[in-house]
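Report on the following structure.
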Amino acid sequence: MLRNAETGDWIGTFEGHKGCVWSATLNAPATHAATASADFSARLWNAITGDELHVFQHKHICKSVSFSDDCQKLLTGGSEKLLRIYDLGNVDAEPYVMQGSPSQIRTAQFTAEDTLIMSSCADDKGIRVWDVRTNTIVTTLGTDSPVTSIEITDDGRYITTADGKTVTFFDAMTFTPVWKRTMGYEVESASVCIKNDVFVAGGTDMWVHAHSMSTGEEVDCGKGHRGGSRPSEVRGSSTSTISGKRRKVSL
């Protein structure tokens with residue numbers, strides 16, 4: 001579902017998936033949305049009207065979906081242990097496939113002007129950095145728990161991750177942590193709005209929390225899900241958030 005970040009009000013629902021939704025994202029201008037689902041598909045939506053634009057069929061559960069920085073490509077990953085890159089200018093073309101993940105992919109994001117991809121696995125610790133040009137893993141960042149969420153800021157300078165009860169803010173140029181915040185709940189997803197000095201996090205307590213980046217203090221809480229909140233994002237000049245839940249309903 002799509003919500004207003006300032007009021008928490010429901011805006012609309014994207015209907016069409018036949019299985020639980022594992023991932024949801026908006027492109028940079030918030031004109032299109034994409035979702036990944038246990039129904040073996042990723043879907044592209046018009047975020048203004050809610051219309052379904054295309055279904056990208058997979059052979060197993062799709063757990064991650066994200067747009068490239070230029071909004072021309074869509075990246076997916078899941079239980080097949082493969083990364084797929086789709087050309088949104090030619091949605092019927094075969095995707096560019098990257099393989100070598102040690103277990104099923106939980107989340108993946110483009111970075112470095114879409115030349116690198118950062119991914120995590122559901123059953124393994126660490127963040128793998130892939131070079132799209134050479135189709136290889138170039139380095140792995142260590143973490144204490146399997147990483148459930150990776151987000152790159154709009155300017156490409158910072159990376160926000162979630163693992164266990166920890167939200168970490170990395171420098172995207174050096175891959176070194178800038179700060180870490182320990183939450184009082186298991187965090188499934190985190191998203192940052194640097195302009196407003198706030199990050200949002202959703203997890204197993206079924207709520208979407210807003211925290212101060214400077215102090216980690218909770219400043220707001222959005223309630224309404226009846227299952228753990230999986231993907232959560234801030235988009236559109238921080239006036240909207242998008243969140244999902246792992247249930248057999250539409251996002």
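Identifiers for the structure tokens are assigned positionally: chains receive A, B, ... in sequence, residues are indexed from 1 per chain, and ligands are indexed from 1 in the order shown.
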
TODO: Determine, counting only C-alpha atoms, which protein, DNA and RNA residues have an atom within 7 Å of an atom of Ala190 of chain A; residues of the same chain fewer than 5 positions away are not included. Present the result as an MDAnalysis selection string.
DONE: chainID A and resid 149 160:162 167 199:202 232

TODO: Would you please extract all strand (DSSP E or B) residues from segment 4-250 of chain A, as assigned by DSSP on the backbone, and give them as a PyMOL selection string?
DONE: chain A and resi 4+10-12+21-26+32-37+41-46+52-57+62-67+73-78+82-87+96-99+105-111+116-121+127-131+136-141+147-152+158-163+166-171+177-182+187-193+198-203+208-212+218-222+229-235+240-245

Output for the residues just chosen: C-alpha atoms as a short mmCIF file (atom, residue, chain, number, x, y, z; two decimals), in the first residue's frame:
```cif
data_model
loop_
_atom_site.label_atom_id
_atom_site.label_comp_id
_atom_site.auth_asym_id
_atom_site.auth_seq_id
_atom_site.Cartn_x
_atom_site.Cartn_y
_atom_site.Cartn_z
CA ASN A 4 1.49 9.75 3.07
CA TRP A 10 -3.57 5.48 3.17
CA ILE A 11 -3.33 6.65 -0.47
CA GLY A 12 -3.90 3.49 -2.47
CA VAL A 21 4.84 -9.48 -1.29
CA TRP A 22 8.51 -9.56 -0.23
CA SER A 23 9.69 -6.23 -1.66
CA ALA A 24 8.24 -2.92 -2.85
CA THR A 25 9.94 0.16 -4.25
CA LEU A 26 9.29 3.47 -6.01
CA HIS A 32 6.41 4.03 -11.01
CA ALA A 33 6.41 1.26 -8.41
CA ALA A 34 7.76 -2.28 -8.55
CA THR A 35 7.04 -5.30 -6.36
CA ALA A 36 8.51 -8.78 -5.85
CA SER A 37 6.36 -11.68 -4.71
CA SER A 41 6.88 -12.71 -10.28
CA ALA A 42 8.02 -9.10 -10.13
CA ARG A 43 5.55 -6.47 -11.29
CA LEU A 44 5.80 -2.92 -12.62
CA TRP A 45 3.07 -0.42 -11.70
CA ASN A 46 1.97 3.10 -12.51
CA GLU A 52 -0.26 -2.84 -13.50
CA LEU A 53 2.11 -2.24 -16.44
CA HIS A 54 4.06 -5.51 -16.76
CA VAL A 55 4.67 -8.89 -15.09
CA PHE A 56 8.24 -10.25 -15.04
CA GLN A 57 7.84 -13.99 -14.56
CA CYS A 62 11.14 -13.30 -6.12
CA LYS A 63 12.27 -11.50 -2.95
CA SER A 64 13.93 -8.30 -4.12
CA VAL A 65 13.20 -5.59 -6.70
CA SER A 66 14.81 -2.17 -7.30
CA PHE A 67 15.12 0.51 -9.97
CA LYS A 73 16.43 -0.84 -15.54
CA LEU A 74 14.82 -3.12 -12.96
CA LEU A 75 16.89 -5.44 -10.74
CA THR A 76 15.41 -8.59 -9.20
CA GLY A 77 16.66 -11.45 -7.03
CA GLY A 78 15.27 -14.31 -4.99
CA LEU A 82 20.29 -15.15 -9.51
CA LEU A 83 20.31 -11.41 -10.13
CA ARG A 84 18.32 -10.33 -13.18
CA ILE A 85 18.49 -6.90 -14.81
CA TYR A 86 15.50 -5.98 -17.03
CA ASP A 87 15.50 -3.20 -19.62
CA TYR A 96 20.94 -9.75 -18.11
CA VAL A 97 21.64 -12.54 -15.59
CA MET A 98 24.31 -12.58 -12.86
CA GLN A 99 25.02 -15.78 -10.93
CA ILE A 105 19.04 -13.45 -2.49
CA ARG A 106 17.15 -11.39 0.08
CA THR A 107 17.75 -7.88 -1.26
CA ALA A 108 19.79 -6.08 -3.94
CA GLN A 109 20.40 -2.48 -5.00
CA PHE A 110 22.29 -0.61 -7.73
CA THR A 111 25.06 1.81 -6.72
CA LEU A 116 27.84 -1.93 -9.06
CA ILE A 117 25.18 -3.96 -7.24
CA MET A 118 25.04 -4.62 -3.50
CA SER A 119 23.20 -7.78 -2.47
CA SER A 120 22.54 -9.86 0.63
CA CYS A 121 21.48 -13.47 1.20
CA ILE A 127 26.89 -7.77 1.76
CA ARG A 128 28.26 -8.77 -1.65
CA VAL A 129 29.37 -6.10 -4.11
CA TRP A 130 28.99 -7.08 -7.79
CA ASP A 131 30.50 -5.37 -10.84
CA THR A 136 31.68 -10.80 -10.86
CA ILE A 137 31.64 -10.31 -7.07
CA VAL A 138 34.45 -7.85 -6.28
CA THR A 139 34.21 -7.71 -2.47
CA THR A 140 32.10 -8.74 0.53
CA LEU A 141 31.29 -6.50 3.53
CA VAL A 147 21.18 -8.37 5.97
CA THR A 148 17.46 -7.89 5.31
CA SER A 149 17.53 -4.42 3.75
CA ILE A 150 19.90 -2.32 1.60
CA GLU A 151 19.13 1.19 0.36
CA ILE A 152 21.26 3.74 -1.54
CA TYR A 158 25.36 6.70 1.48
CA ILE A 159 24.06 3.16 2.03
CA THR A 160 21.49 2.20 4.68
CA THR A 161 21.28 -1.43 5.80
CA ALA A 162 19.33 -3.48 8.34
CA ASP A 163 20.49 -6.69 10.02
CA THR A 166 20.83 -2.89 13.81
CA VAL A 167 20.45 -0.09 11.26
CA THR A 168 23.81 0.95 9.73
CA PHE A 169 24.64 4.02 7.62
CA PHE A 170 27.66 3.45 5.31
CA ASP A 171 29.77 5.78 3.18
CA PRO A 177 30.16 2.68 8.61
CA VAL A 178 29.28 6.29 9.47
CA TRP A 179 26.96 5.31 12.35
CA LYS A 180 24.99 2.40 13.74
CA ARG A 181 21.70 2.46 15.63
CA THR A 182 20.40 -0.45 17.71
CA VAL A 187 14.47 -4.67 11.85
CA GLU A 188 13.45 -6.00 8.44
CA SER A 189 13.84 -2.78 6.45
CA ALA A 190 15.21 0.76 6.84
CA SER A 191 15.15 3.91 4.71
CA VAL A 192 16.80 7.33 5.21
CA CYS A 193 15.77 10.91 4.36
CA VAL A 198 15.12 10.96 9.74
CA PHE A 199 15.08 7.26 8.96
CA VAL A 200 12.16 4.85 8.96
CA ALA A 201 12.34 1.19 9.99
CA GLY A 202 9.84 -1.64 9.89
CA GLY A 203 10.05 -5.06 11.44
CA VAL A 208 6.69 1.42 10.80
CA HIS A 209 8.87 3.62 13.05
CA ALA A 210 10.40 7.02 12.23
CA HIS A 211 13.65 7.86 14.06
CA SER A 212 16.00 10.84 14.27
CA GLU A 218 11.76 7.59 17.77
CA VAL A 219 9.82 10.60 16.48
CA ASP A 220 6.74 8.92 14.96
CA CYS A 221 5.12 5.53 14.47
CA GLY A 222 2.76 4.33 11.73
CA SER A 229 6.25 -4.88 8.09
CA ARG A 230 8.85 -6.00 5.54
CA PRO A 231 9.74 -3.32 2.97
CA SER A 232 9.58 0.35 4.00
CA GLU A 233 10.79 3.35 2.02
CA VAL A 234 10.76 7.14 2.01
CA ARG A 235 10.30 8.65 -1.45
CA SER A 240 5.35 9.50 1.04
CA THR A 241 6.33 6.12 2.40
CA ILE A 242 5.66 2.74 0.84
CA SER A 243 5.41 -0.35 3.01
CA GLY A 244 4.45 -3.98 2.58
CA LYS A 245 3.69 -7.06 4.59
#
```

Task: Interatomic distance (Å, one decimal) between atom CA of Asp197 of chain A and atom CA of Asp69 of chain A - done: 22.0 Å

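Here atom CA of Asp92 of chain A and atom CA of Asp39 of chain A stand 19.1 Å from one another.
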
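Note that atom CA of Glu6 of chain A and atom CA of Asn196 of chain A are 11.7 Å apart.
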
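Of the residues listed (A:Asn135, A:Thr13, A:Thr176, A:Thr49), A:Thr49 shows the shortest atom-to-atom separation from Thr31 of chain A; distances use only C-alpha atoms.
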
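You can rank A:Ala172, A:Cys20, A:Ile194, A:Leu88 by their closest distance to Ile61 of chain A using only C-alpha atoms, and at the top of that list sits A:Cys20.
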
- [ ] Rank A:Ser145, A:Gly8, A:Val132, A:Asp114 by their smallest atom-to-atom distance to Trp207 of chain A, using only C-alpha atoms, and report the top residue only.
- [x] A:Gly8

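With only C-alpha atoms as the basis for measurement, A:Ser68 is the residue among A:Ser79, A:Asn90, A:Ser68, A:Thr134 that approaches Asp154 of chain A most closely.
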
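If you measure from each of A:Ala93, A:Gly216, A:Gly156, A:Ala122 to Gly184 of chain A using only C-alpha atoms, the closest one turns out to be A:Gly216.
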
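Here the question is which of A:Ala112, A:Pro102, A:Asp51, A:Gly126 gets nearest to Gly16 of chain A using only C-alpha atoms, and that residue is A:Asp51.
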